[in-house]
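Please read the structure below before turning to the comments.
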Amino acid sequence: MFLLGVFALLAQVLLARELLVVFFGNELTIGVIFGAWVCCVGLGSLAGRGMAATAPRQKLENAAAGGMAALAALLPALLLTARGLRIWLSVPYGGMPSIGGVLAGVALTLGPPCFIIGFLFPCLCGLAERGGAQAARRIYIAESLGSLAAGLVFTFLLAGRLQPLSCAMLACAAALLGACVPARSRTLRIALACLAVLLPAIPQRALAQLEEWGADLRWKGLGVVGRGLDSRLVLSVDTPYQNLAMIENEGQFAVYGGGQVLFAFPNSIAAEHKLHFLMAQKPGARSVLLIGGNPADDPAVLLRHPIERLDHVELDPAILSLPGVDGLSAASDPRLRRHAVDGPRFVRDCTNAYDLILVEAPAPLTASLNRFHTADFFRGLRRILRPGGVLATGVESSEHLHGAAADLGASVYRSLQSVFPRVEVTAGSFNRFLAGDKTAPITLDPETLQARSRDANVPARYFRPEYFLTAEEVDPDRVARVEARLSGARGAINTAARPVAYFYSLLLWSRFSDSGVEGLLRALERTSPAGLAVSIVAVAGLLAFAGRRRRRRRPGSGDALGNAAVAFALFTGGLCGIALELLLIFLYQSAYGFVYARMGLVVAMFMLGLAAGAWAAGPWLTSGAPSVWRRLALLEALFAAFALAAGGLAAAGMSPGRGSWNAMEILLLALVAGTGALVGAQFALGARALALSGRPPAAAAAAANAADLLGAAAGSLLAGLLFMPLLGPASACVLLCSIKAASLVCLLALRPDYAFELPRRRFAG
């Protein structure tokens with residue numbers, strides 16, 4: 001089972017990364033991907049419980065060996081299949097796939113291996129110890145430790161060094177070695193072992209050719225290269241942050257990150273018009289900070305101005321090393337300082353002060369990108385902005401600003417107004433926001449801008465100061481309409497604790513992708529976290545009351561109701577466990593900004609917690625039914641308290657300047673491990689409680705595993721759809737506390753007769 005855990009983690013990471021590139025993944029897409037993963041594993045576990053309980057040992061051994069070998073055969077094929085999904089699903093070139101398309105693609109690529117992984121769990125439980133109480137726990141621990149080891153190895157040794165297909169060969173080798181264990185034939189074991197040794201030894205040149213074909217297939221699906229196009233793929237690499245690709249077309253280069261355009265170069269026309277306008281907002285600026293943007297053209301244009309220092313911040317250092325970017329003349333200018341670091345983290349640690357700050361961040365399409373548009377981030381920028389300095393940022397918009405587009409612009413507008421005394425906005429399809437204190441020389445007057453630009457006398461090839469006299473983005477009538485529309489929109493202030501701008505981006509994604517979930521998202525927007533929490537507990541109380549009445553009327557139904565209560569506890573455990581993990585990852589990212597580089601460490605800590613929790617629950621499993629039920633109820637209470645404590649930490653951690661950097665980071669990782677420990681211990685006790693009701697241990701383990709994983713699927717979807725975009729971590733943790741409280745109510749109210757202590761009788765004489 002250890003080797004199955006190794007394969008499962010590597011396969012999950014490799015396939016998920018491919019799907020995120022193909023489907024332009026936001027957190028909702030991530031929720032669908034990981035929700036589908038655990039859901040299919042849960043369904044496979046349910047399908048295998050009958051066989052595990054009744055099949056002879058020989059049949060279980062054949063099923064386990066065949067399943068592991070099938071996994072090894074499937075992974076490389078599915079990896080390449082994922083790259084061609086946009087072609088086979090007929091997704092429009094450059095368009096956003098619908099939620100139905102994402103589900104179809106995920107089902108096609110993740111469904112087969114996940115179902116097999118889930119099916120193998122009860123089979124291996126049946127092989128490990130027929131009729132034993134500890135089999136499920138040992139198998140669970142072994143799988144978690146395998147995933148832990150694979151997560152650490154992938155993060156610190158494989159990622160960025162080996163191409164995906166090379167990593168897939170290692171995963172396949174682990175699956176084939178795992179197939180050797182249950183294989184009955186000595187000849188078959190030798191053949192599988194030899195094949196496992198040979199796979200990683202495949203020449204890198206052969207794999208590189210297949211990798212190149214697969215990358216070309218991905219970009220054909222995106223409509224970037226292919227028949228009838230003069231473009232070609234220059235490079236495609238996986239960095240710790242994203243899949244990075246460069247496409248060349250007649251001397252023009254486009255750089256893609258995660259499947260979406262980051263910038264194109266050379267593009268001096270756009271750079272000159274944008275940056276000469278921004279430099280005119282702060283004449284005489286000497287110190288400039290550029291976050292994001294076009295690293296090929298923007299620094300070169302800015303350095304034509306008489307500035308003394310230009311700090312350019314770009315998260316992914318691989319971007320700064322791209323051909324054509326690293327060798328530009330601006331790169332050797334002593335005034336330019338490049339910083340390969342997360343933007344919010346740079347701002348938080350910065351000790352310099354700037355006359356002009358330019359934030360060229362993408363739209364808040366993900367929770368990570370949302371950080372660049374929050375009031376928290378703007379407060380950090382104001383701290384390093386000199387008196388009279390100017391901040392320039394912006395978001396994609398629409399000419400008429402209707403619906404979610406207006407709400408998104410209004411959210412950023414109001415967030416800036418909550419920090420800066422003065423904020424101006426331009427018209428057009430891109431709303432540029434200019435902010436500063438009352439002494440900031442911000443202006444949208446065309447004649448003033450023309451005069452400032454002319455007086456600066458900066459050499460330009462494509463730009464002329466007269467441009468401002470007819471520029472639509474500073475046309476007074478258009479600007480007045482935009483200001484009126486933003487003032488009347490309902491966009492709330494965007495914060496790290498409540499990332500509403502990300503939610504409005506989800507609404508736009510739903511509309512542009514024709515996903516049809518806009519109505520659902522709007523309905524969720526009107527929900528009250530407190531009302532939801534109270535409703536969940538109230539409904540649980542009513543169900544528990546109805547169950548008690550049913551047991552009085554039909555005494556034989558007690559065991560079935562008790563099993564249902566245990567299954568519900570495991571379901572909510574999986575739901576709250578995965579949701580807490582995702583929320584803590586979001587909090588980690590919001591606080592420190594480098595979670596993607598340490599994602600493997602975070603997942604490894606969760607897996608470590610799973611194994612530790614299941615191991616710690618071992619001594620409890622030898623107790624009688626009453627003791628198992630009491631401890632299961634105790635875990636429910638601890639889980640509820642833990643979620644509430646995590647919510648308190650989220651509220652404190654979102655406040656700027658709170659706590660020590662290292663202490664907070666260690667605490668967040670400890671909470672991730674603690675979440676895993678609660679889930680692992682609850683699984684072990686839940687499987688034991690189901691076995692005590694009379695089920696065969698392997699079937700009980702399969703049912704417990706299925707309930708846990710189906711709950712995790714629901715938690716993944718809720719985290720992407722409700723918790724992160726609407727509630728924020730603190731309110732979401734309170735809601736998770738109410739879910740576990742509801743589960744505790746059901747568990748206490750629906751205990752079967754065998755879970756009560758039998759009274760001791762004294763006999764006279």
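Chain identifiers are assigned as A, B, and so on, following the order in which chains appear in the structure tokens; residues are numbered from 1 within each chain, and ligands are numbered from 1 in order of appearance.
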Report as a PDB file with N, CA and C atoms, in the first residue's frame: the residues of stretch 404-474 of chain A with a DSSP assignment of alpha helix (DSSP H), based on the backbone of this structure.
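Resulting contents of states.pdb:
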```pdb
ATOM      1  N   ALA A 404     -21.341  41.888 -13.417  1.00  0.00           N
ATOM      2  CA  ALA A 404     -20.156  41.501 -12.657  1.00  0.00           C
ATOM      3  C   ALA A 404     -18.942  42.343 -13.020  1.00  0.00           C
ATOM      4  N   ALA A 405     -18.854  42.821 -14.289  1.00  0.00           N
ATOM      5  CA  ALA A 405     -17.726  43.664 -14.678  1.00  0.00           C
ATOM      6  C   ALA A 405     -17.736  44.965 -13.877  1.00  0.00           C
ATOM      7  N   ALA A 406     -18.918  45.555 -13.705  1.00  0.00           N
ATOM      8  CA  ALA A 406     -19.027  46.771 -12.901  1.00  0.00           C
ATOM      9  C   ALA A 406     -18.732  46.485 -11.435  1.00  0.00           C
ATOM     10  N   ASP A 407     -19.213  45.352 -10.927  1.00  0.00           N
ATOM     11  CA  ASP A 407     -18.959  44.994  -9.530  1.00  0.00           C
ATOM     12  C   ASP A 407     -17.470  44.782  -9.274  1.00  0.00           C
ATOM     13  N   LEU A 408     -16.786  44.153 -10.231  1.00  0.00           N
ATOM     14  CA  LEU A 408     -15.349  43.927 -10.081  1.00  0.00           C
ATOM     15  C   LEU A 408     -14.599  45.253 -10.046  1.00  0.00           C
ATOM     16  N   GLY A 409     -14.877  46.123 -11.011  1.00  0.00           N
ATOM     17  CA  GLY A 409     -14.218  47.428 -11.017  1.00  0.00           C
ATOM     18  C   GLY A 409     -14.534  48.240  -9.773  1.00  0.00           C
ATOM     19  N   ALA A 410     -15.806  48.186  -9.340  1.00  0.00           N
ATOM     20  CA  ALA A 410     -16.199  48.932  -8.151  1.00  0.00           C
ATOM     21  C   ALA A 410     -15.514  48.398  -6.899  1.00  0.00           C
ATOM     22  N   SER A 411     -15.290  47.086  -6.847  1.00  0.00           N
ATOM     23  CA  SER A 411     -14.628  46.489  -5.689  1.00  0.00           C
ATOM     24  C   SER A 411     -13.203  47.008  -5.551  1.00  0.00           C
ATOM     25  N   VAL A 412     -12.462  47.029  -6.661  1.00  0.00           N
ATOM     26  CA  VAL A 412     -11.091  47.545  -6.619  1.00  0.00           C
ATOM     27  C   VAL A 412     -11.099  49.051  -6.347  1.00  0.00           C
ATOM     28  N   TYR A 413     -12.037  49.763  -6.947  1.00  0.00           N
ATOM     29  CA  TYR A 413     -12.172  51.218  -6.762  1.00  0.00           C
ATOM     30  C   TYR A 413     -12.392  51.554  -5.284  1.00  0.00           C
ATOM     31  N   ARG A 414     -13.338  50.861  -4.651  1.00  0.00           N
ATOM     32  CA  ARG A 414     -13.636  51.134  -3.246  1.00  0.00           C
ATOM     33  C   ARG A 414     -12.511  50.668  -2.326  1.00  0.00           C
ATOM     34  N   SER A 415     -11.826  49.607  -2.713  1.00  0.00           N
ATOM     35  CA  SER A 415     -10.692  49.151  -1.911  1.00  0.00           C
ATOM     36  C   SER A 415      -9.593  50.213  -1.899  1.00  0.00           C
ATOM     37  N   LEU A 416      -9.347  50.819  -3.048  1.00  0.00           N
ATOM     38  CA  LEU A 416      -8.365  51.906  -3.110  1.00  0.00           C
ATOM     39  C   LEU A 416      -8.835  53.126  -2.319  1.00  0.00           C
ATOM     40  N   GLN A 417     -10.110  53.451  -2.434  1.00  0.00           N
ATOM     41  CA  GLN A 417     -10.641  54.609  -1.714  1.00  0.00           C
ATOM     42  C   GLN A 417     -10.596  54.423  -0.202  1.00  0.00           C
ATOM     43  N   PRO A 446      -6.481  66.132 -20.471  1.00  0.00           N
ATOM     44  CA  PRO A 446      -5.661  65.860 -21.662  1.00  0.00           C
ATOM     45  C   PRO A 446      -4.588  66.917 -21.917  1.00  0.00           C
ATOM     46  N   GLU A 447      -4.914  68.174 -21.739  1.00  0.00           N
ATOM     47  CA  GLU A 447      -3.937  69.225 -22.029  1.00  0.00           C
ATOM     48  C   GLU A 447      -2.794  69.218 -21.015  1.00  0.00           C
ATOM     49  N   THR A 448      -3.113  68.987 -19.745  1.00  0.00           N
ATOM     50  CA  THR A 448      -2.062  68.919 -18.727  1.00  0.00           C
ATOM     51  C   THR A 448      -1.135  67.741 -19.007  1.00  0.00           C
ATOM     52  N   LEU A 449      -1.709  66.608 -19.377  1.00  0.00           N
ATOM     53  CA  LEU A 449      -0.894  65.435 -19.688  1.00  0.00           C
ATOM     54  C   LEU A 449      -0.006  65.694 -20.901  1.00  0.00           C
ATOM     55  N   GLN A 450      -0.554  66.377 -21.909  1.00  0.00           N
ATOM     56  CA  GLN A 450       0.249  66.694 -23.094  1.00  0.00           C
ATOM     57  C   GLN A 450       1.427  67.591 -22.723  1.00  0.00           C
ATOM     58  N   ALA A 451       1.150  68.597 -21.885  1.00  0.00           N
ATOM     59  CA  ALA A 451       2.214  69.523 -21.494  1.00  0.00           C
ATOM     60  C   ALA A 451       3.290  68.814 -20.666  1.00  0.00           C
ATOM     61  N   ARG A 452       2.886  67.977 -19.746  1.00  0.00           N
ATOM     62  CA  ARG A 452       3.868  67.254 -18.919  1.00  0.00           C
ATOM     63  C   ARG A 452       4.730  66.333 -19.776  1.00  0.00           C
ATOM     64  N   SER A 453       4.105  65.639 -20.701  1.00  0.00           N
ATOM     65  CA  SER A 453       4.845  64.710 -21.540  1.00  0.00           C
ATOM     66  C   SER A 453       5.798  65.455 -22.470  1.00  0.00           C
ATOM     67  N   ARG A 454       5.352  66.588 -22.987  1.00  0.00           N
ATOM     68  CA  ARG A 454       6.217  67.383 -23.871  1.00  0.00           C
ATOM     69  C   ARG A 454       7.410  67.943 -23.100  1.00  0.00           C
ATOM     70  N   ASP A 455       7.157  68.426 -21.860  1.00  0.00           N
ATOM     71  CA  ASP A 455       8.243  68.996 -21.056  1.00  0.00           C
ATOM     72  C   ASP A 455       9.255  67.931 -20.623  1.00  0.00           C
ATOM     73  N   ALA A 456       8.792  66.685 -20.467  1.00  0.00           N
ATOM     74  CA  ALA A 456       9.722  65.618 -20.076  1.00  0.00           C
ATOM     75  C   ALA A 456      10.740  65.336 -21.177  1.00  0.00           C
TER      76      ALA A 456
END
```
(message) For a quick check of understanding, using only C-alpha atoms, which of A:Val38, A:Ala270, A:Leu669, A:Ala318 has the smallest distance to A:Leu9?
(response)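 Result for the nearest residue to A:Leu9: A:Val38.
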Excluding stretch 218-222 of chain A and any residue of its chain fewer than 4 positions from it, enumerate the residues within 7 Å of it, using only C-alpha atoms, and give them as a compact mmCIF listing (two decimals) with N, CA and C atoms, in the first residue's frame.
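Below is the file that was written, out.txt:
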```
# COMPACT_ATOMS: atom_id res chain seq x y z
N ARG A 83 -3.44 16.56 -22.46
CA ARG A 83 -2.94 17.68 -23.26
C ARG A 83 -3.78 17.93 -24.50
N GLY A 84 -4.49 16.92 -24.96
CA GLY A 84 -5.33 17.10 -26.14
C GLY A 84 -6.80 17.28 -25.84
N ARG A 86 -8.69 19.84 -25.07
CA ARG A 86 -9.39 20.97 -25.70
C ARG A 86 -9.77 20.63 -27.14
N ILE A 87 -8.94 19.84 -27.81
CA ILE A 87 -9.26 19.43 -29.18
C ILE A 87 -10.43 18.47 -29.17
N TYR A 93 -10.80 28.05 -29.53
CA TYR A 93 -9.42 28.49 -29.37
C TYR A 93 -9.36 29.72 -28.46
N GLY A 94 -8.56 29.63 -27.41
CA GLY A 94 -8.39 30.75 -26.50
C GLY A 94 -9.56 30.96 -25.56
N GLY A 214 3.78 15.91 -27.08
CA GLY A 214 2.68 16.20 -26.18
C GLY A 214 2.50 17.70 -25.96
N GLY A 226 -0.16 25.07 -35.04
CA GLY A 226 -0.92 24.08 -35.79
C GLY A 226 -0.99 24.41 -37.26
```
(message) Give me the residues near stretch 561-574 of chain A as a list in words, where near means some atom within 7 Å (using only C-alpha atoms) and where sequence neighbours in that chain fewer than 5 positions away do not count.
(response)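 After dropping sequence-adjacent residues, the list is Val679, Gln682, Phe683, Gly686, Leu690, Ala704, Ala707, Asp708, Leu709, Leu710, Gly711, Ala712, Ile739, Lys740, Ser743, Cys746, Leu747, Leu750, Arg751 and Pro752 of chain A.
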(message) as a PyMOL selection string, please: the residues near A:Val500 (cut-off 10 Å, only C-alpha atoms, same-chain neighbours under 5 positions excluded).
(response) chain A and resi 364+367+370+374+407-408+411-412+491-495+505-506+525+724-728
Could you write out that same residue set with N, CA and C atoms as a tab-separated table (two decimals), in the first residue's frame?
```
chain	number	residue	atom	x	y	z
A	364	PRO	N	-8.02	39.39	-11.05
A	364	PRO	CA	-8.12	38.46	-9.91
A	364	PRO	C	-8.91	37.20	-10.25
A	367	ALA	N	-7.56	33.04	-6.36
A	367	ALA	CA	-7.35	33.60	-5.03
A	367	ALA	C	-5.94	34.16	-4.89
A	370	ASN	N	-5.87	37.51	-6.64
A	370	ASN	CA	-6.72	38.46	-5.93
A	370	ASN	C	-5.93	39.29	-4.93
A	374	THR	N	-6.32	43.80	-3.22
A	374	THR	CA	-6.98	43.92	-1.92
A	374	THR	C	-6.60	45.21	-1.21
A	407	ASP	N	-19.21	45.35	-10.93
A	407	ASP	CA	-18.96	44.99	-9.53
A	407	ASP	C	-17.47	44.78	-9.27
A	408	LEU	N	-16.79	44.15	-10.23
A	408	LEU	CA	-15.35	43.93	-10.08
A	408	LEU	C	-14.60	45.25	-10.05
A	411	SER	N	-15.29	47.09	-6.85
A	411	SER	CA	-14.63	46.49	-5.69
A	411	SER	C	-13.20	47.01	-5.55
A	412	VAL	N	-12.46	47.03	-6.66
A	412	VAL	CA	-11.09	47.54	-6.62
A	412	VAL	C	-11.10	49.05	-6.35
A	491	GLY	N	-20.14	46.50	-5.80
A	491	GLY	CA	-18.90	45.84	-5.42
A	491	GLY	C	-18.44	46.26	-4.04
A	492	ALA	N	-18.16	45.28	-3.18
A	492	ALA	CA	-17.71	45.55	-1.81
A	492	ALA	C	-16.20	45.70	-1.78
A	493	ILE	N	-15.70	46.20	-0.65
A	493	ILE	CA	-14.25	46.32	-0.47
A	493	ILE	C	-13.63	44.93	-0.47
A	494	ASN	N	-12.59	44.78	-1.25
A	494	ASN	CA	-11.91	43.50	-1.41
A	494	ASN	C	-10.79	43.38	-0.39
A	495	THR	N	-10.82	42.35	0.43
A	495	THR	CA	-9.79	42.13	1.44
A	495	THR	C	-9.28	40.70	1.36
A	505	SER	N	-14.85	37.84	-10.34
A	505	SER	CA	-14.16	37.24	-11.49
A	505	SER	C	-14.74	35.87	-11.81
A	506	LEU	N	-15.15	35.12	-10.77
A	506	LEU	CA	-15.81	33.84	-11.01
A	506	LEU	C	-17.13	34.03	-11.77
A	525	GLU	N	-24.09	34.37	-2.86
A	525	GLU	CA	-23.68	35.70	-2.41
A	525	GLU	C	-24.64	36.26	-1.36
A	724	MET	N	-13.81	30.09	-0.05
A	724	MET	CA	-12.75	31.04	-0.36
A	724	MET	C	-13.26	32.31	-1.03
A	725	PRO	N	-14.13	32.23	-2.06
A	725	PRO	CA	-14.52	33.47	-2.73
A	725	PRO	C	-15.50	34.33	-1.96
A	726	LEU	N	-16.31	33.76	-1.09
A	726	LEU	CA	-17.37	34.53	-0.46
A	726	LEU	C	-17.19	34.71	1.05
A	727	LEU	N	-16.90	33.65	1.74
A	727	LEU	CA	-16.86	33.73	3.19
A	727	LEU	C	-15.51	34.16	3.73
A	728	GLY	N	-14.43	33.76	3.08
A	728	GLY	CA	-13.12	33.98	3.64
A	728	GLY	C	-12.82	32.93	4.69
```
(message) Could you list, as a VMD selection string, every residue within 6 Å of A:Glu248, counting only C-alpha atoms and ignoring same-chain residues fewer than 5 positions away?
(response) chain A and resid 231 to 232 253
(message) What's around A:Arg688 at 8 Å? Count only C-alpha atoms, leave out sequence neighbours fewer than 6 positions away in its own chain, and write the answer as a ChimeraX atom specification.
(response) /A:133,621,628,697,700-701
Keeping only C-alpha atoms, write those residues as an mmCIF file, in the first residue's frame.
```cif
data_model
loop_
_atom_site.group_PDB
_atom_site.id
_atom_site.type_symbol
_atom_site.label_atom_id
_atom_site.label_comp_id
_atom_site.auth_asym_id
_atom_site.auth_seq_id
_atom_site.Cartn_x
_atom_site.Cartn_y
_atom_site.Cartn_z
ATOM 1 C CA ALA A 133 -9.457 -5.186 13.422
ATOM 2 C CA LEU A 621 -9.407 -0.072 18.536
ATOM 3 C CA VAL A 628 -15.028 3.317 20.524
ATOM 4 C CA PRO A 697 -13.589 -5.632 8.517
ATOM 5 C CA ALA A 700 -16.281 -1.769 6.906
ATOM 6 C CA ALA A 701 -12.950 -0.247 5.835
#
```
(message) Give me, as a count of residues only, the residues of stretch 320-553 of chain A that a backbone DSSP run labels strand (DSSP E or B).
(response) 34
(request) Measuring atom to atom with only C-alpha atoms, identify which of A:Phe7, A:Phe263, A:Phe639, A:Trp620 is nearest to A:Gly577. (result)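 The answer is A:Phe639, which sits nearest to A:Gly577.
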(request) Find the residue from A:Ala196, A:Val359, A:Leu289, A:Leu717 that sits nearest to A:Arg386; use only C-alpha atoms when measuring. (result)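 Among the listed residues, the smallest separation from A:Arg386 belongs to A:Leu289.
With distances taken over only C-alpha atoms, A:Pro164 is the one residue among A:Pro56, A:Pro122, A:Gly428, A:Pro164 lying closest to A:Leu79.
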(message) Using only C-alpha atoms, can you tell me which of A:Ala480, A:Ala633, A:Leu170, A:Leu736 comes closest to A:Leu748?
(response) A:Ala633
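With distances restricted to only C-alpha atoms, A:Trp629 is the closest residue to A:Ala749 from A:Phe372, A:Trp88, A:Phe265, A:Trp629.
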(message) What's the separation between atom CA of A:Leu735 and atom CA of A:Ala533, in Å to one decimal place?
(response) 5.3 Å
